[in-house]
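Beneath this line is the structure, given in structure tokens, with notes to follow.
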Amino acid sequence: MSDFNNNYTDNSFNLYQAYSYTLLLQVEVNTFSYAVVHQNRLLVSAQNCDIDELLYPKQLSELLTATYRKVLMGLPATALTLVPKSLFSEEHAGEFARYLDVKEDEKVFAQKLDDQNNIIYKTPGPIAYAAEKFGFSNAVYTAQGWIKAIENSRPNDSTLYLEIGKSTVQFLYYSSGSLRFYNSFEFRSEDELVYFTSFVADELKLKPLLTTLVLSGDVTADDKNMTRLGSFFPKIEINGIKVLELPGQIPSHKLLALAALTLCE
């Protein structure tokens, strides 16, 4: 295997036993992360791998083509819309999809997001074709597990959740136990991250001094993103939710969204 970011392999990992393992794939437009799990224990993981290795596997060919007990794949969205369950019907999904300005080389998916909402989103055609190889029935929206993990933690009305990637940030907010807001944005600097966070908080009428930001993903305590956010939102925490049994050297918040795909099984 190549030396990808945050690469980890447990000594007990054996591809000949893949039939008892679960493969997790979390895909972004240009990169993907993967993990192999056995009985809620992490065996293998790597983050921010080049998307070409998923589309045309070479170094990871054996790992990606093994016969697993289960494969769970999180697909990215280049545009999305949430539709309340009470308004959604499969026969009208195409009408909602028209608002996404779908191009010829994009595919549209309509899936359940949680007990109250469905999500309709478009994803690049090559990624959709990769998902077809693993089976569309194994594909969910990339943040579905993360959303479920936070929902299970009983979020309160004064907490705004952020999942920070290399160039994207996802926001999630619950009010009275129900999902009120979810969206993602591309950002290129810590200032843009602060801008989008302030924009979302303002839309939700959350006061920065009274709001707790809970961060997961590509974030480290007191890094430039967290430090800049702290200038405007003094209450910041690293997400402590644990979904898998991880080795001590891997912080759970860095793998939360990937690990949480197991909740979609």
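If you're wondering about the labels, chains in the structure tokens are A, B, ... by order shown, residues count from 1 in each chain, ligands from 1 in order shown.
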Spatial neighbours of stretch 183-190 of chain A, max dist 10 Å, only C-alpha atoms, sep filter under 3 positions, as a PDB file with N, CA and C atoms, in the first residue's frame:
```
ATOM      1  N   ALA A  77     -21.671  15.455  -2.845  1.00  0.00           N
ATOM      2  CA  ALA A  77     -22.671  16.229  -3.585  1.00  0.00           C
ATOM      3  C   ALA A  77     -22.042  17.506  -4.115  1.00  0.00           C
ATOM      4  N   THR A  78     -22.252  17.771  -5.393  1.00  0.00           N
ATOM      5  CA  THR A  78     -21.853  19.068  -5.941  1.00  0.00           C
ATOM      6  C   THR A  78     -23.005  20.066  -5.819  1.00  0.00           C
ATOM      7  N   ALA A  79     -24.180  19.556  -5.506  1.00  0.00           N
ATOM      8  CA  ALA A  79     -25.347  20.389  -5.157  1.00  0.00           C
ATOM      9  C   ALA A  79     -26.368  19.468  -4.510  1.00  0.00           C
ATOM     10  N   LEU A  80     -27.166  20.003  -3.601  1.00  0.00           N
ATOM     11  CA  LEU A  80     -28.130  19.167  -2.886  1.00  0.00           C
ATOM     12  C   LEU A  80     -29.330  19.979  -2.439  1.00  0.00           C
ATOM     13  N   THR A  81     -30.392  19.268  -2.116  1.00  0.00           N
ATOM     14  CA  THR A  81     -31.548  19.890  -1.492  1.00  0.00           C
ATOM     15  C   THR A  81     -32.179  18.871  -0.549  1.00  0.00           C
ATOM     16  N   LEU A  82     -32.688  19.355   0.566  1.00  0.00           N
ATOM     17  CA  LEU A  82     -33.393  18.494   1.511  1.00  0.00           C
ATOM     18  C   LEU A  82     -34.887  18.649   1.306  1.00  0.00           C
ATOM     19  N   ALA A 143     -22.357  12.384   4.239  1.00  0.00           N
ATOM     20  CA  ALA A 143     -22.471  12.859   5.623  1.00  0.00           C
ATOM     21  C   ALA A 143     -23.551  12.135   6.414  1.00  0.00           C
ATOM     22  N   LEU A 162     -19.580  21.300  13.084  1.00  0.00           N
ATOM     23  CA  LEU A 162     -18.810  21.493  11.864  1.00  0.00           C
ATOM     24  C   LEU A 162     -17.973  20.251  11.589  1.00  0.00           C
ATOM     25  N   GLU A 163     -18.023  19.777  10.358  1.00  0.00           N
ATOM     26  CA  GLU A 163     -17.130  18.730   9.876  1.00  0.00           C
ATOM     27  C   GLU A 163     -16.225  19.386   8.845  1.00  0.00           C
ATOM     28  N   ILE A 164     -14.951  19.534   9.184  1.00  0.00           N
ATOM     29  CA  ILE A 164     -14.020  20.309   8.364  1.00  0.00           C
ATOM     30  C   ILE A 164     -13.166  19.368   7.519  1.00  0.00           C
ATOM     31  N   GLY A 165     -13.196  19.607   6.203  1.00  0.00           N
ATOM     32  CA  GLY A 165     -12.361  18.854   5.281  1.00  0.00           C
ATOM     33  C   GLY A 165     -11.209  19.706   4.794  1.00  0.00           C
ATOM     34  N   LYS A 166     -10.490  19.219   3.788  1.00  0.00           N
ATOM     35  CA  LYS A 166      -9.369  19.972   3.231  1.00  0.00           C
ATOM     36  C   LYS A 166      -9.840  21.270   2.598  1.00  0.00           C
ATOM     37  N   SER A 167     -10.979  21.237   1.946  1.00  0.00           N
ATOM     38  CA  SER A 167     -11.481  22.441   1.273  1.00  0.00           C
ATOM     39  C   SER A 167     -12.980  22.610   1.402  1.00  0.00           C
ATOM     40  N   THR A 168     -13.621  21.786   2.207  1.00  0.00           N
ATOM     41  CA  THR A 168     -15.063  21.911   2.418  1.00  0.00           C
ATOM     42  C   THR A 168     -15.367  21.898   3.914  1.00  0.00           C
ATOM     43  N   VAL A 169     -16.470  22.520   4.262  1.00  0.00           N
ATOM     44  CA  VAL A 169     -16.947  22.477   5.641  1.00  0.00           C
ATOM     45  C   VAL A 169     -18.441  22.184   5.609  1.00  0.00           C
ATOM     46  N   GLN A 170     -18.868  21.279   6.482  1.00  0.00           N
ATOM     47  CA  GLN A 170     -20.277  20.929   6.589  1.00  0.00           C
ATOM     48  C   GLN A 170     -20.800  21.439   7.929  1.00  0.00           C
ATOM     49  N   PHE A 171     -22.017  21.962   7.892  1.00  0.00           N
ATOM     50  CA  PHE A 171     -22.655  22.499   9.091  1.00  0.00           C
ATOM     51  C   PHE A 171     -23.916  21.704   9.392  1.00  0.00           C
ATOM     52  N   LEU A 172     -24.130  21.459  10.680  1.00  0.00           N
ATOM     53  CA  LEU A 172     -25.306  20.716  11.107  1.00  0.00           C
ATOM     54  C   LEU A 172     -25.848  21.349  12.383  1.00  0.00           C
ATOM     55  N   TYR A 173     -27.168  21.554  12.397  1.00  0.00           N
ATOM     56  CA  TYR A 173     -27.786  22.179  13.575  1.00  0.00           C
ATOM     57  C   TYR A 173     -29.113  21.505  13.870  1.00  0.00           C
ATOM     58  N   LEU A 193     -13.604  30.289   6.236  1.00  0.00           N
ATOM     59  CA  LEU A 193     -14.267  29.385   7.173  1.00  0.00           C
ATOM     60  C   LEU A 193     -15.046  30.175   8.211  1.00  0.00           C
ATOM     61  N   VAL A 194     -14.434  31.235   8.740  1.00  0.00           N
ATOM     62  CA  VAL A 194     -15.124  32.096   9.702  1.00  0.00           C
ATOM     63  C   VAL A 194     -16.324  32.763   9.055  1.00  0.00           C
ATOM     64  N   TYR A 195     -16.166  33.203   7.817  1.00  0.00           N
ATOM     65  CA  TYR A 195     -17.275  33.864   7.114  1.00  0.00           C
ATOM     66  C   TYR A 195     -18.485  32.940   7.010  1.00  0.00           C
ATOM     67  N   PHE A 196     -18.269  31.705   6.542  1.00  0.00           N
ATOM     68  CA  PHE A 196     -19.395  30.791   6.372  1.00  0.00           C
ATOM     69  C   PHE A 196     -20.004  30.396   7.722  1.00  0.00           C
ATOM     70  N   THR A 197     -19.150  30.245   8.739  1.00  0.00           N
ATOM     71  CA  THR A 197     -19.664  29.907  10.064  1.00  0.00           C
ATOM     72  C   THR A 197     -20.522  31.045  10.611  1.00  0.00           C
ATOM     73  N   VAL A 200     -23.879  31.133   8.665  1.00  0.00           N
ATOM     74  CA  VAL A 200     -24.824  30.096   9.105  1.00  0.00           C
ATOM     75  C   VAL A 200     -25.408  30.458  10.466  1.00  0.00           C
ATOM     76  N   ASP A 223      -5.138  24.763  15.872  1.00  0.00           N
ATOM     77  CA  ASP A 223      -4.615  24.999  14.526  1.00  0.00           C
ATOM     78  C   ASP A 223      -5.180  26.318  14.001  1.00  0.00           C
ATOM     79  N   LYS A 224      -4.785  26.719  12.794  1.00  0.00           N
ATOM     80  CA  LYS A 224      -5.165  28.042  12.305  1.00  0.00           C
ATOM     81  C   LYS A 224      -6.673  28.195  12.142  1.00  0.00           C
ATOM     82  N   ASN A 225      -7.361  27.127  11.735  1.00  0.00           N
ATOM     83  CA  ASN A 225      -8.816  27.218  11.578  1.00  0.00           C
ATOM     84  C   ASN A 225      -9.510  27.382  12.922  1.00  0.00           C
ATOM     85  N   MET A 226      -9.095  26.555  13.884  1.00  0.00           N
ATOM     86  CA  MET A 226      -9.719  26.607  15.202  1.00  0.00           C
ATOM     87  C   MET A 226      -9.392  27.931  15.904  1.00  0.00           C
ATOM     88  N   THR A 227      -8.162  28.394  15.763  1.00  0.00           N
ATOM     89  CA  THR A 227      -7.765  29.658  16.385  1.00  0.00           C
ATOM     90  C   THR A 227      -8.554  30.826  15.821  1.00  0.00           C
ATOM     91  N   ARG A 228      -8.720  30.849  14.511  1.00  0.00           N
ATOM     92  CA  ARG A 228      -9.459  31.943  13.876  1.00  0.00           C
ATOM     93  C   ARG A 228     -10.936  31.904  14.254  1.00  0.00           C
ATOM     94  N   LEU A 229     -11.509  30.725  14.292  1.00  0.00           N
ATOM     95  CA  LEU A 229     -12.904  30.597  14.718  1.00  0.00           C
ATOM     96  C   LEU A 229     -13.071  31.084  16.152  1.00  0.00           C
TER      97      LEU A 229
END
```
For this session: Would you list the contacts of stretch 112-129 of chain A as an NGL selection string, taking every protein, DNA or RNA residue within 10 Å and counting only C-alpha atoms, but skipping same-chain residues closer than 2 positions in sequence?
Result: :A and (27-30 or 51-52 or 54-55 or 75-89 or 93-94 or 96-97 or 99-110 or 131-136 or 139-141 or 143-145 or 147-148 or 151 or 178-179 or 264)
Exercise. Could you pull out all residues of stretch 15-211 of chain A with a DSSP call of strand (DSSP E) and give them as a VMD selection string?
Worked result: chain A and resid 22 to 27 31 to 38 41 to 50 70 to 75 79 to 84 106 to 112 117 to 124 139 to 141 159 to 164 168 to 175 178 to 186
Exercise. Please, what distance in Å, to one decimal, runs between atom CA of A:Pro208 and atom CA of A:Pro234?
Worked result: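 For atom CA of A:Pro208 relative to atom CA of A:Pro234, the distance reads 7.6 Å.
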For this session: Select from stretch 79-260 of chain A everything DSSP, run on the backbone, classes as helix (DSSP H, G or I), then give the selection as JSON, numbers by chain.
Result: {"A": [90, 91, 92, 93, 94, 95, 96, 97, 98, 99, 100, 125, 126, 127, 128, 129, 130, 131, 132, 133, 134, 136, 137, 138, 144, 145, 146, 147, 148, 149, 150, 151, 152, 190, 191, 192, 193, 194, 195, 196, 197, 198, 199, 200, 201, 202, 203, 208, 209, 210, 224, 225, 226, 227, 228, 229, 230, 252, 253, 254, 256, 257, 258, 259, 260]}
For this session: Could you jot down the atom CA of A:Thr65 to atom CA of A:Leu25 separation for me, Å, one decimal place?
Result: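 About the pair atom CA of A:Thr65 and atom CA of A:Leu25: they are 12.6 Å apart.
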Exercise. Do you know which residues are at most 12 Å from A:Leu210 counting only C-alpha atoms, after dropping those on the same chain fewer than 2 positions away, and could you put them as number ranges by chain?
Worked result: A: 157-160, 201, 205-208, 212-213, 232-236
For this session: Record the distance separating atom CA of A:Leu24 and atom CA of A:Val44, expressed in Å with one decimal.
Result: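 For atom CA of A:Leu24 relative to atom CA of A:Val44, the distance reads 10.0 Å.
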